[in-house]
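Novice: Contents of target_31.pdb (PDB, C-alpha atoms, pLDDT in the B column):
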ATOM      1  CA  MET A   1    -140.361-200.936 -39.172  1.00 50.00           C
ATOM      2  CA  LYS A   2    -140.654-201.159 -42.940  1.00 55.00           C
ATOM      3  CA  GLN A   3    -143.399-199.385 -44.778  1.00 59.00           C
ATOM      4  CA  ASP A   4    -144.972-199.970 -48.128  1.00 56.00           C
ATOM      5  CA  PRO A   5    -144.229-198.260 -50.476  1.00 60.00           C
ATOM      6  CA  ALA A   6    -140.528-197.562 -49.944  1.00 81.00           C
ATOM      7  CA  TRP A   7    -139.185-194.674 -47.872  1.00 91.00           C
ATOM      8  CA  VAL A   8    -136.805-193.286 -50.457  1.00 97.00           C
ATOM      9  CA  SER A   9    -136.993-192.487 -54.166  1.00 97.00           C
ATOM     10  CA  ILE A  10    -134.285-190.955 -56.313  1.00 98.00           C
ATOM     11  CA  GLN A  11    -135.933-190.067 -59.588  1.00 98.00           C
ATOM     12  CA  THR A  12    -135.898-187.747 -62.585  1.00 98.00           C
ATOM     13  CA  GLN A  13    -139.661-187.297 -62.705  1.00 98.00           C
ATOM     14  CA  ASP A  14    -141.671-184.801 -60.676  1.00 98.00           C
ATOM     15  CA  PHE A  15    -143.741-185.776 -57.624  1.00 98.00           C
ATOM     16  CA  ASP A  16    -147.254-185.007 -56.380  1.00 98.00           C
ATOM     17  CA  LEU A  17    -147.225-183.823 -52.769  1.00 97.00           C
ATOM     18  CA  ASN A  18    -150.887-184.633 -52.163  1.00 97.00           C
ATOM     19  CA  ALA A  19    -150.526-188.165 -53.512  1.00 97.00           C
ATOM     20  CA  GLU A  20    -147.420-188.792 -51.393  1.00 96.00           C
ATOM     21  CA  ILE A  21    -149.073-187.528 -48.212  1.00 96.00           C
ATOM     22  CA  ALA A  22    -152.233-189.522 -48.915  1.00 95.00           C
ATOM     23  CA  ALA A  23    -150.136-192.689 -49.336  1.00 93.00           C
ATOM     24  CA  LEU A  24    -148.276-192.055 -46.072  1.00 93.00           C
ATOM     25  CA  ARG A  25    -151.497-191.411 -44.108  1.00 92.00           C
ATOM     26  CA  ALA A  26    -153.320-194.374 -45.605  1.00 91.00           C
ATOM     27  CA  GLN A  27    -150.884-196.789 -43.985  1.00 79.00           C
ATOM     28  CA  ASP A  28    -151.466-195.859 -40.385  1.00 91.00           C
ATOM     29  CA  GLY A  29    -154.599-194.918 -38.421  1.00 93.00           C
ATOM     30  CA  ARG A  30    -152.487-193.557 -35.570  1.00 95.00           C
ATOM     31  CA  VAL A  31    -151.364-190.608 -37.717  1.00 96.00           C
ATOM     32  CA  GLY A  32    -152.603-187.247 -36.462  1.00 97.00           C
ATOM     33  CA  ALA A  33    -149.961-185.025 -38.044  1.00 97.00           C
ATOM     34  CA  VAL A  34    -148.127-184.892 -41.342  1.00 97.00           C
ATOM     35  CA  CYS A  35    -145.312-182.429 -41.780  1.00 98.00           C
ATOM     36  CA  SER A  36    -143.758-181.947 -45.194  1.00 98.00           C
ATOM     37  CA  PHE A  37    -141.023-179.869 -46.748  1.00 98.00           C
ATOM     38  CA  VAL A  38    -140.704-179.234 -50.478  1.00 98.00           C
ATOM     39  CA  GLY A  39    -137.515-177.687 -51.827  1.00 97.00           C
ATOM     40  CA  THR A  40    -137.683-175.901 -55.178  1.00 96.00           C
ATOM     41  CA  VAL A  41    -135.087-174.714 -57.670  1.00 95.00           C
ATOM     42  CA  ARG A  42    -134.305-171.006 -57.347  1.00 92.00           C
ATOM     43  CA  ASP A  43    -133.681-168.760 -60.351  1.00 91.00           C
ATOM     44  CA  ARG A  44    -130.831-166.978 -58.616  1.00 86.00           C
ATOM     45  CA  THR A  45    -127.698-167.199 -56.581  1.00 78.00           C
ATOM     46  CA  ALA A  46    -126.913-164.414 -54.107  1.00 70.00           C
ATOM     47  CA  GLY A  47    -127.362-161.030 -55.798  1.00 66.00           C
ATOM     48  CA  GLN A  48    -128.136-162.365 -59.272  1.00 71.00           C
ATOM     49  CA  PRO A  49    -131.929-162.526 -59.688  1.00 77.00           C
ATOM     50  CA  GLY A  50    -133.115-164.535 -62.666  1.00 81.00           C
ATOM     51  CA  GLN A  51    -129.632-165.635 -63.680  1.00 89.00           C
ATOM     52  CA  ILE A  52    -129.947-169.391 -63.198  1.00 91.00           C
ATOM     53  CA  SER A  53    -131.280-171.070 -66.331  1.00 92.00           C
ATOM     54  CA  SER A  54    -130.966-174.698 -65.193  1.00 95.00           C
ATOM     55  CA  LEU A  55    -129.695-176.965 -62.435  1.00 96.00           C
ATOM     56  CA  GLU A  56    -128.203-180.423 -62.911  1.00 97.00           C
ATOM     57  CA  LEU A  57    -128.230-182.978 -60.105  1.00 98.00           C
ATOM     58  CA  GLU A  58    -125.773-185.854 -59.774  1.00 98.00           C
ATOM     59  CA  HIS A  59    -125.903-188.612 -57.155  1.00 98.00           C
ATOM     60  CA  TYR A  60    -124.055-191.785 -56.119  1.00 98.00           C
ATOM     61  CA  PRO A  61    -126.366-194.666 -57.092  1.00 97.00           C
ATOM     62  CA  GLY A  62    -126.659-197.119 -54.214  1.00 96.00           C
ATOM     63  CA  MET A  63    -124.932-194.995 -51.596  1.00 97.00           C
ATOM     64  CA  THR A  64    -127.420-192.135 -51.861  1.00 97.00           C
ATOM     65  CA  GLU A  65    -130.427-194.371 -51.223  1.00 96.00           C
ATOM     66  CA  ALA A  66    -128.676-196.210 -48.367  1.00 95.00           C
ATOM     67  CA  ALA A  67    -127.516-192.946 -46.757  1.00 95.00           C
ATOM     68  CA  ILE A  68    -131.065-191.555 -46.724  1.00 96.00           C
ATOM     69  CA  GLU A  69    -132.481-194.836 -45.371  1.00 95.00           C
ATOM     70  CA  ALA A  70    -129.934-194.604 -42.547  1.00 95.00           C
ATOM     71  CA  MET A  71    -131.049-191.026 -41.816  1.00 95.00           C
ATOM     72  CA  ILE A  72    -134.674-192.149 -41.610  1.00 96.00           C
ATOM     73  CA  ASP A  73    -133.636-194.947 -39.227  1.00 95.00           C
ATOM     74  CA  ALA A  74    -131.889-192.304 -37.086  1.00 96.00           C
ATOM     75  CA  ALA A  75    -135.045-190.136 -37.144  1.00 97.00           C
ATOM     76  CA  LEU A  76    -137.198-193.115 -36.099  1.00 96.00           C
ATOM     77  CA  GLN A  77    -134.853-193.718 -33.142  1.00 96.00           C
ATOM     78  CA  ARG A  78    -134.806-190.081 -32.092  1.00 97.00           C
ATOM     79  CA  PHE A  79    -138.417-188.952 -32.608  1.00 98.00           C
ATOM     80  CA  ASP A  80    -141.801-190.495 -31.923  1.00 97.00           C
ATOM     81  CA  ILE A  81    -142.776-190.682 -35.584  1.00 97.00           C
ATOM     82  CA  TYR A  82    -144.620-193.321 -37.593  1.00 96.00           C
ATOM     83  CA  GLY A  83    -143.495-193.019 -41.204  1.00 94.00           C
ATOM     84  CA  ALA A  84    -141.424-190.939 -43.570  1.00 96.00           C
ATOM     85  CA  ARG A  85    -141.058-190.295 -47.255  1.00 97.00           C
ATOM     86  CA  VAL A  86    -138.071-188.765 -49.042  1.00 98.00           C
ATOM     87  CA  ILE A  87    -137.985-188.022 -52.761  1.00 98.00           C
ATOM     88  CA  HIS A  88    -134.990-186.347 -54.365  1.00 98.00           C
ATOM     89  CA  ARG A  89    -134.906-185.526 -58.054  1.00 98.00           C
ATOM     90  CA  ILE A  90    -131.809-185.903 -60.221  1.00 98.00           C
ATOM     91  CA  GLY A  91    -130.896-184.855 -63.739  1.00 98.00           C
ATOM     92  CA  LEU A  92    -131.737-181.555 -65.373  1.00 98.00           C
ATOM     93  CA  LEU A  93    -134.137-179.211 -63.561  1.00 98.00           C
ATOM     94  CA  GLN A  94    -135.416-175.689 -64.250  1.00 96.00           C
ATOM     95  CA  PRO A  95    -136.103-172.793 -61.878  1.00 95.00           C
ATOM     96  CA  LEU A  96    -139.427-173.259 -60.019  1.00 95.00           C
ATOM     97  CA  ASP A  97    -139.194-177.070 -60.339  1.00 97.00           C
ATOM     98  CA  GLN A  98    -139.676-179.168 -57.219  1.00 98.00           C
ATOM     99  CA  ILE A  99    -136.374-180.797 -56.250  1.00 98.00           C
ATOM    100  CA  VAL A 100    -136.844-182.506 -52.889  1.00 98.00           C
ATOM    101  CA  LEU A 101    -139.646-183.768 -50.651  1.00 98.00           C
ATOM    102  CA  VAL A 102    -139.386-184.801 -47.012  1.00 98.00           C
ATOM    103  CA  ALA A 103    -142.647-185.830 -45.310  1.00 98.00           C
ATOM    104  CA  VAL A 104    -143.064-187.303 -41.820  1.00 97.00           C
ATOM    105  CA  THR A 105    -146.084-188.607 -39.906  1.00 97.00           C
ATOM    106  CA  SER A 106    -146.656-188.672 -36.153  1.00 97.00           C
ATOM    107  CA  ALA A 107    -149.464-188.511 -33.576  1.00 97.00           C
ATOM    108  CA  HIS A 108    -149.021-184.782 -32.905  1.00 97.00           C
ATOM    109  CA  ARG A 109    -147.287-181.970 -34.754  1.00 97.00           C
ATOM    110  CA  GLY A 110    -144.195-181.426 -32.610  1.00 97.00           C
ATOM    111  CA  GLU A 111    -142.483-184.691 -33.422  1.00 97.00           C
ATOM    112  CA  SER A 112    -143.116-184.549 -37.161  1.00 97.00           C
ATOM    113  CA  PHE A 113    -142.038-180.885 -37.429  1.00 97.00           C
ATOM    114  CA  ALA A 114    -138.777-181.710 -35.658  1.00 97.00           C
ATOM    115  CA  ALA A 115    -138.131-184.934 -37.571  1.00 98.00           C
ATOM    116  CA  CYS A 116    -138.798-183.218 -40.895  1.00 98.00           C
ATOM    117  CA  GLU A 117    -136.212-180.548 -40.120  1.00 97.00           C
ATOM    118  CA  PHE A 118    -133.747-183.125 -38.783  1.00 97.00           C
ATOM    119  CA  LEU A 119    -134.055-185.131 -42.008  1.00 97.00           C
ATOM    120  CA  MET A 120    -133.550-182.060 -44.206  1.00 96.00           C
ATOM    121  CA  ASP A 121    -130.504-180.937 -42.185  1.00 94.00           C
ATOM    122  CA  TYR A 122    -129.056-184.429 -42.413  1.00 92.00           C
ATOM    123  CA  LEU A 123    -129.770-184.716 -46.114  1.00 95.00           C
ATOM    124  CA  LYS A 124    -128.112-181.382 -46.945  1.00 93.00           C
ATOM    125  CA  THR A 125    -124.802-182.478 -45.420  1.00 91.00           C
ATOM    126  CA  GLN A 126    -124.655-186.284 -45.634  1.00 92.00           C
ATOM    127  CA  ALA A 127    -126.538-187.431 -48.728  1.00 95.00           C
ATOM    128  CA  PRO A 128    -124.315-187.645 -51.798  1.00 97.00           C
ATOM    129  CA  PHE A 129    -125.934-185.229 -54.233  1.00 97.00           C
ATOM    130  CA  TRP A 130    -124.157-182.487 -56.146  1.00 97.00           C
ATOM    131  CA  LYS A 131    -125.700-179.504 -57.923  1.00 96.00           C
ATOM    132  CA  LYS A 132    -124.356-177.757 -61.002  1.00 96.00           C
ATOM    133  CA  GLU A 133    -125.885-174.397 -61.943  1.00 94.00           C
ATOM    134  CA  THR A 134    -125.948-172.921 -65.409  1.00 93.00           C
ATOM    135  CA  SER A 135    -125.990-169.105 -65.654  1.00 89.00           C
ATOM    136  CA  PRO A 136    -124.888-166.642 -68.388  1.00 88.00           C
ATOM    137  CA  GLU A 137    -121.336-167.050 -67.057  1.00 86.00           C
ATOM    138  CA  GLY A 138    -121.408-170.791 -67.743  1.00 91.00           C
ATOM    139  CA  ALA A 139    -121.896-173.939 -65.655  1.00 93.00           C
ATOM    140  CA  CYS A 140    -120.566-174.043 -62.100  1.00 93.00           C
ATOM    141  CA  TRP A 141    -120.692-176.641 -59.308  1.00 95.00           C
ATOM    142  CA  VAL A 142    -122.458-175.285 -56.221  1.00 91.00           C
ATOM    143  CA  ASP A 143    -120.247-174.999 -53.121  1.00 89.00           C
ATOM    144  CA  ALA A 144    -121.321-176.576 -49.844  1.00 87.00           C
ATOM    145  CA  ARG A 145    -122.422-174.092 -47.194  1.00 84.00           C
ATOM    146  CA  VAL A 146    -120.940-173.903 -43.722  1.00 83.00           C
ATOM    147  CA  SER A 147    -124.432-172.958 -42.472  1.00 85.00           C
ATOM    148  CA  ASP A 148    -125.663-176.425 -43.500  1.00 86.00           C
ATOM    149  CA  ASP A 149    -123.060-178.054 -41.230  1.00 84.00           C
ATOM    150  CA  ALA A 150    -124.136-175.707 -38.408  1.00 86.00           C
ATOM    151  CA  ALA A 151    -127.762-176.761 -38.932  1.00 85.00           C
ATOM    152  CA  LEU A 152    -126.850-180.409 -38.379  1.00 86.00           C
ATOM    153  CA  ALA A 153    -124.633-179.564 -35.395  1.00 86.00           C
ATOM    154  CA  ARG A 154    -127.638-178.311 -33.421  1.00 87.00           C
ATOM    155  CA  TRP A 155    -128.891-181.929 -33.339  1.00 86.00           C
ATOM    156  CA  GLY A 156    -125.598-182.912 -31.728  1.00 86.00           C
ATOM    157  CA  ILE A 157    -124.220-184.430 -34.926  1.00 85.00           C
ATOM    158  CA  ASP A 158    -120.786-183.377 -36.149  1.00 81.00           C
ATOM    159  CA  THR A 159    -120.050-183.103 -39.809  1.00 78.00           C
ATOM    160  CA  ARG A 160    -117.309-181.586 -41.854  1.00 73.00           C
ATOM    161  CA  ASN A 161    -119.009-181.597 -45.207  1.00 79.00           C
ATOM    162  CA  SER A 162    -118.301-178.036 -46.298  1.00 72.00           C
TER     163      SER A 162
ATOM    164  CA  MET B   1    -104.758-205.536 -54.221  1.00 95.00           C
ATOM    165  CA  LYS B   2    -107.450-204.670 -56.732  1.00 97.00           C
ATOM    166  CA  ILE B   3    -110.015-201.991 -55.889  1.00 98.00           C
ATOM    167  CA  THR B   4    -112.651-199.896 -57.640  1.00 98.00           C
ATOM    168  CA  VAL B   5    -112.401-196.103 -57.406  1.00 98.00           C
ATOM    169  CA  LYS B   6    -115.360-193.843 -58.180  1.00 98.00           C
ATOM    170  CA  TYR B   7    -115.346-190.092 -58.734  1.00 98.00           C
ATOM    171  CA  PHE B   8    -118.256-187.671 -58.649  1.00 98.00           C
ATOM    172  CA  ALA B   9    -119.142-184.107 -59.690  1.00 98.00           C
ATOM    173  CA  SER B  10    -116.183-181.728 -60.212  1.00 97.00           C
ATOM    174  CA  ILE B  11    -113.661-184.473 -59.364  1.00 98.00           C
ATOM    175  CA  ARG B  12    -115.173-186.777 -61.994  1.00 98.00           C
ATOM    176  CA  GLU B  13    -114.971-183.971 -64.549  1.00 97.00           C
ATOM    177  CA  ALA B  14    -111.337-183.156 -63.723  1.00 97.00           C
ATOM    178  CA  ILE B  15    -110.255-186.798 -63.968  1.00 97.00           C
ATOM    179  CA  GLY B  16    -112.350-187.487 -67.051  1.00 97.00           C
ATOM    180  CA  THR B  17    -113.953-190.727 -65.827  1.00 97.00           C
ATOM    181  CA  GLY B  18    -116.449-191.766 -63.157  1.00 98.00           C
ATOM    182  CA  VAL B  19    -114.904-195.134 -62.333  1.00 98.00           C
ATOM    183  CA  GLU B  20    -111.620-196.985 -62.618  1.00 98.00           C
ATOM    184  CA  VAL B  21    -110.388-200.365 -61.409  1.00 98.00           C
ATOM    185  CA  ARG B  22    -106.891-200.042 -59.937  1.00 97.00           C
ATOM    186  CA  GLU B  23    -104.135-202.238 -58.595  1.00 97.00           C
ATOM    187  CA  THR B  24    -102.844-200.483 -55.466  1.00 97.00           C
ATOM    188  CA  GLN B  25    -100.147-200.820 -52.808  1.00 94.00           C
ATOM    189  CA  ALA B  26    -101.965-198.416 -50.461  1.00 97.00           C
ATOM    190  CA  ASN B  27    -103.287-199.832 -47.199  1.00 96.00           C
ATOM    191  CA  THR B  28    -105.327-196.806 -46.108  1.00 97.00           C
ATOM    192  CA  LEU B  29    -107.655-194.394 -47.898  1.00 98.00           C
ATOM    193  CA  GLY B  30    -105.175-191.571 -47.268  1.00 97.00           C
ATOM    194  CA  ALA B  31    -102.349-193.552 -48.856  1.00 98.00           C
ATOM    195  CA  LEU B  32    -104.595-194.270 -51.834  1.00 98.00           C
ATOM    196  CA  ARG B  33    -105.311-190.553 -52.211  1.00 98.00           C
ATOM    197  CA  ASP B  34    -101.546-189.852 -52.235  1.00 98.00           C
ATOM    198  CA  GLU B  35    -101.012-192.604 -54.808  1.00 98.00           C
ATOM    199  CA  LEU B  36    -103.689-191.082 -57.049  1.00 98.00           C
ATOM    200  CA  ILE B  37    -102.249-187.556 -56.624  1.00 98.00           C
ATOM    201  CA  ALA B  38     -98.880-188.922 -57.795  1.00 97.00           C
ATOM    202  CA  LEU B  39    -100.496-189.842 -61.141  1.00 97.00           C
ATOM    203  CA  GLY B  40    -100.516-186.112 -61.983  1.00 96.00           C
ATOM    204  CA  ASP B  41    -102.914-184.232 -64.270  1.00 96.00           C
ATOM    205  CA  GLY B  42    -106.598-184.343 -63.290  1.00 97.00           C
ATOM    206  CA  HIS B  43    -105.969-186.728 -60.391  1.00 97.00           C
ATOM    207  CA  ALA B  44    -103.327-184.407 -58.890  1.00 97.00           C
ATOM    208  CA  GLU B  45    -105.387-181.283 -59.451  1.00 97.00           C
ATOM    209  CA  SER B  46    -108.721-182.494 -58.090  1.00 97.00           C
ATOM    210  CA  LEU B  47    -107.436-184.583 -55.143  1.00 98.00           C
ATOM    211  CA  ALA B  48    -104.644-182.176 -54.082  1.00 97.00           C
ATOM    212  CA  ARG B  49    -103.987-181.795 -50.353  1.00 96.00           C
ATOM    213  CA  GLY B  50    -105.780-178.718 -49.073  1.00 93.00           C
ATOM    214  CA  ARG B  51    -108.769-179.203 -51.370  1.00 95.00           C
ATOM    215  CA  ALA B  52    -112.121-180.150 -49.878  1.00 94.00           C
ATOM    216  CA  VAL B  53    -112.384-183.833 -50.779  1.00 96.00           C
ATOM    217  CA  ARG B  54    -114.783-186.278 -49.096  1.00 96.00           C
ATOM    218  CA  LEU B  55    -114.422-190.056 -49.172  1.00 96.00           C
ATOM    219  CA  ALA B  56    -116.631-193.092 -48.958  1.00 97.00           C
ATOM    220  CA  LEU B  57    -115.535-196.691 -48.389  1.00 97.00           C
ATOM    221  CA  ASN B  58    -117.977-199.293 -49.662  1.00 97.00           C
ATOM    222  CA  GLN B  59    -120.630-196.568 -49.925  1.00 96.00           C
ATOM    223  CA  ILE B  60    -120.288-195.292 -46.341  1.00 94.00           C
ATOM    224  CA  MET B  61    -118.749-191.905 -45.492  1.00 93.00           C
ATOM    225  CA  ALA B  62    -115.182-192.566 -44.365  1.00 95.00           C
ATOM    226  CA  ASN B  63    -111.980-190.856 -43.278  1.00 94.00           C
ATOM    227  CA  GLU B  64    -108.455-191.259 -44.577  1.00 96.00           C
ATOM    228  CA  ALA B  65    -107.218-193.375 -41.670  1.00 96.00           C
ATOM    229  CA  GLU B  66    -109.518-196.241 -42.621  1.00 97.00           C
ATOM    230  CA  ALA B  67    -107.985-199.435 -43.985  1.00 97.00           C
ATOM    231  CA  LEU B  68    -108.290-200.463 -47.582  1.00 97.00           C
ATOM    232  CA  THR B  69    -109.250-204.047 -48.316  1.00 95.00           C
ATOM    233  CA  GLU B  70    -109.249-206.258 -51.396  1.00 96.00           C
ATOM    234  CA  GLY B  71    -112.204-205.550 -53.650  1.00 97.00           C
ATOM    235  CA  ALA B  72    -113.164-202.309 -51.865  1.00 98.00           C
ATOM    236  CA  GLU B  73    -115.160-199.585 -53.560  1.00 98.00           C
ATOM    237  CA  VAL B  74    -113.673-196.189 -52.725  1.00 98.00           C
ATOM    238  CA  ALA B  75    -115.281-192.915 -53.796  1.00 98.00           C
ATOM    239  CA  PHE B  76    -113.847-189.405 -53.886  1.00 98.00           C
ATOM    240  CA  PHE B  77    -116.174-186.441 -54.169  1.00 98.00           C
ATOM    241  CA  PRO B  78    -116.576-182.773 -53.222  1.00 97.00           C
ATOM    242  CA  PRO B  79    -118.715-181.706 -50.232  1.00 96.00           C
ATOM    243  CA  VAL B  80    -122.337-182.590 -50.967  1.00 95.00           C
ATOM    244  CA  THR B  81    -124.891-179.971 -52.042  1.00 94.00           C
ATOM    245  CA  GLY B  82    -128.257-181.694 -52.374  1.00 92.00           C
ATOM    246  CA  GLY B  83    -131.638-180.680 -51.040  1.00 91.00           C
TER     247      GLY B  83
END
Could you render the structure as structure tokens?

Specialist:
Amino acid sequence: MKQDPAWVSIQTQDFDLNAEIAALRAQDGRVGAVCSFVGTVRDRTAGQPGQISSLELEHYPGMTEAAIEAMIDAALQRFDIYGARVIHRIGLLQPLDQIVLVAVTSAHRGESFAACEFLMDYLKTQAPFWKKETSPEGACWVDARVSDDAALARWGIDTRNS
Amino acid sequence: MKITVKYFASIREAIGTGVEVRETQANTLGALRDELIALGDGHAESLARGRAVRLALNQIMANEAEALTEGAEVAFFPPVTGG
């Protein structure tokens, strides 16, 4: 199934959650549930409140989009969902900025809740994005977290990202 | 054979470029990694054995046993941290 507009956007500009959800719902009268997740930029790493001044996002043009499309295909196989939307921002972001959106539609809430979480877990470990944080100590690439691999493992998918 | 190699994030910074076209004798991704390490400097430092390095072959996540083919696009990058 292909939807219009596209499933995946990698962009520098911000997004409007309400507009994205309205567009997803407008395509399909069967939709009874929309579940969305918005990730935002934090102003801290562990134990350092307010220390992060900016975050820079790098991606792999071409591969990133294809990897996320493949994840959505996997979600469509696994869950009884109708549509999905993923937006990931790149470039320079500030604390409190929106960084990622995952939204999923289904008939009832259970499937879209689960698919939304599945897509986020997949994205954290398999989509080629890298974050670099700037703090008073300088700029530093963010390390992958073992807990992100564990989150994907509960869906029965092995990864060794971190 | 001639291949394209791409580097991302901290590996790109250590090597000083995001892309290079190379003539290689390597027939697997692992052999290519060893060949790049042998170049020394940023290549040796960022791709060193024991460091967390992920690979993609023609834009699909791959492992080092996979075969290299003429015209392939290989990417080396650190574990991903999006979301």

Novice: Could you pull out every residue with an atom within 12 Å of (-131.5, -178.4, -63.8), file coordinates, counting all atoms listed in the file, and send them as a PyMOL selection string?

Specialist: chain A and resi 12+40-43+52-58+89-99+130-135+139-141

Novice: What residues in chain B have any atom no more than 6 Å from chain A when counting only C-alpha atoms, and can you write them as a PDB file with C-alpha atoms, in the frame of the given file?

Specialist:
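Below is the file that was written, selection05.pdb:
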ATOM      1  CA  GLN B  59    -120.630-196.568 -49.925  1.00 96.00           C
ATOM      2  CA  PRO B  79    -118.715-181.706 -50.232  1.00 96.00           C
ATOM      3  CA  VAL B  80    -122.337-182.590 -50.967  1.00 95.00           C
ATOM      4  CA  THR B  81    -124.891-179.971 -52.042  1.00 94.00           C
ATOM      5  CA  GLY B  82    -128.257-181.694 -52.374  1.00 92.00           C
ATOM      6  CA  GLY B  83    -131.638-180.680 -51.040  1.00 91.00           C
TER       7      GLY B  83
END

Novice: I need the output of the PyMOL selection byres ((chain B and resi 6) around 8) for this file as a list in words; which residues are they?

Specialist: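 Selected by the PyMOL selection byres ((chain B and resi 6) around 8) in this file: Thr4, Val5, Tyr7, Phe8, Gly18, Val19, Glu20, Glu73, Val74, Ala75 and Phe76 of chain B.
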
Novice: Give me the box for stretch 58-74 of chain B as AutoDock Vina command-line options, namely the centre and edge lengths in Å to one decimal of a box along x, y and z that holds every listed atom plus 6 Å on each side.

Specialist:
--center_x -113.9 --center_y -198.6 --center_z -47.7 --size_x 25.4 --size_y 27.4 --size_z 24.0

Novice: How many Å separate atom CA of B:Thr28 from atom CA of B:Leu55?

Specialist: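 Spanning atom CA of B:Thr28 to atom CA of B:Leu55 is a straight-line distance of 11.7 Å.
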
Novice: Any chance you could resolve the PyMOL selection byres ((chain B and resi 3) around 7) against this file and give the residues as a ChimeraX atom specification?

Specialist: /B:1-2,4-5,21-23,70-73

Novice: Name the residues that the PyMOL selection byres ((chain B and resi 15) around 10) picks from the file above, as a ChimeraX atom specification, using the file's chain letters and numbers.

Specialist: /B:7-8,10-14,16-19,40-47

Novice: Find the distance between atom CA of A:Ala19 and atom CA of A:Ala74 and write it in Å to one decimal.

Specialist: 25.2 Å

Novice: Could you jot down the atom CA of A:Phe113 to atom CA of A:Cys35 separation for me, Å, one decimal place?

Specialist: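 Atom CA of A:Cys35 lies 5.7 Å from atom CA of A:Phe113.
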
Novice: Using all atoms listed in the file, find all polymer residues with an atom at most 7 Å away from the point (-111.2, -183.6, -51.5); report them as a PyMOL selection string.

Specialist: chain B and resi 47+51-54+76-78

Novice: Which of these residues is nearest to A:Ile72, using only C-alpha atoms: A:Val146, A:Gln48, A:Ala6, A:Gly32?

Specialist: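 Under the stated criterion, the closest residue is A:Ala6.
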
Novice: Using all atoms listed in the file, which residue out of A:Gln27, A:Gln51, A:Phe37, A:Ile68 lies closest to A:Ile10?

Specialist: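 Among A:Gln27, A:Gln51, A:Phe37, A:Ile68, it is A:Ile68 that comes nearest to A:Ile10.
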
Novice: Excluding B:Asp34 and its own-chain neighbours fewer than 3 positions away, which residues fall within 9 Å of it when counting all atoms listed in the file? Please give them as an MDAnalysis selection string.

Specialist: chainID B and resid 26 29:31 37:39 44 47:49

Novice: Could you add the missing atoms to stretch 25-29 of chain B, up to all heavy atoms, and return them as a compact mmCIF listing (two decimals), in the frame of the given file?

Specialist:
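The result, stored in selection00.txt:
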# COMPACT_ATOMS: atom_id res chain seq x y z
N GLN B 25 -100.97 -200.40 -53.94
CA GLN B 25 -100.15 -200.82 -52.81
C GLN B 25 -100.65 -200.18 -51.51
O GLN B 25 -100.20 -200.52 -50.42
CB GLN B 25 -98.68 -200.38 -53.01
CG GLN B 25 -98.06 -200.85 -54.31
CD GLN B 25 -98.08 -202.36 -54.43
OE1 GLN B 25 -97.72 -203.07 -53.49
NE2 GLN B 25 -98.51 -202.87 -55.57
N ALA B 26 -101.54 -199.20 -51.63
CA ALA B 26 -101.96 -198.42 -50.46
C ALA B 26 -102.73 -199.29 -49.47
O ALA B 26 -103.53 -200.15 -49.87
CB ALA B 26 -102.84 -197.26 -50.92
N ASN B 27 -102.50 -199.07 -48.18
CA ASN B 27 -103.29 -199.83 -47.20
C ASN B 27 -104.28 -198.99 -46.41
O ASN B 27 -105.04 -199.51 -45.60
CB ASN B 27 -102.37 -200.64 -46.26
CG ASN B 27 -101.29 -199.79 -45.66
OD1 ASN B 27 -101.40 -198.56 -45.66
ND2 ASN B 27 -100.24 -200.41 -45.15
N THR B 28 -104.28 -197.66 -46.68
CA THR B 28 -105.33 -196.81 -46.11
C THR B 28 -105.90 -195.93 -47.22
O THR B 28 -105.30 -195.79 -48.29
CB THR B 28 -104.79 -195.86 -45.01
OG1 THR B 28 -103.85 -194.96 -45.62
CG2 THR B 28 -104.14 -196.62 -43.87
N LEU B 29 -107.05 -195.29 -46.91
CA LEU B 29 -107.66 -194.39 -47.90
C LEU B 29 -106.76 -193.19 -48.16
O LEU B 29 -106.65 -192.71 -49.28
CB LEU B 29 -109.03 -193.93 -47.41
CG LEU B 29 -110.09 -195.02 -47.23
CD1 LEU B 29 -111.42 -194.39 -46.82
CD2 LEU B 29 -110.27 -195.81 -48.51
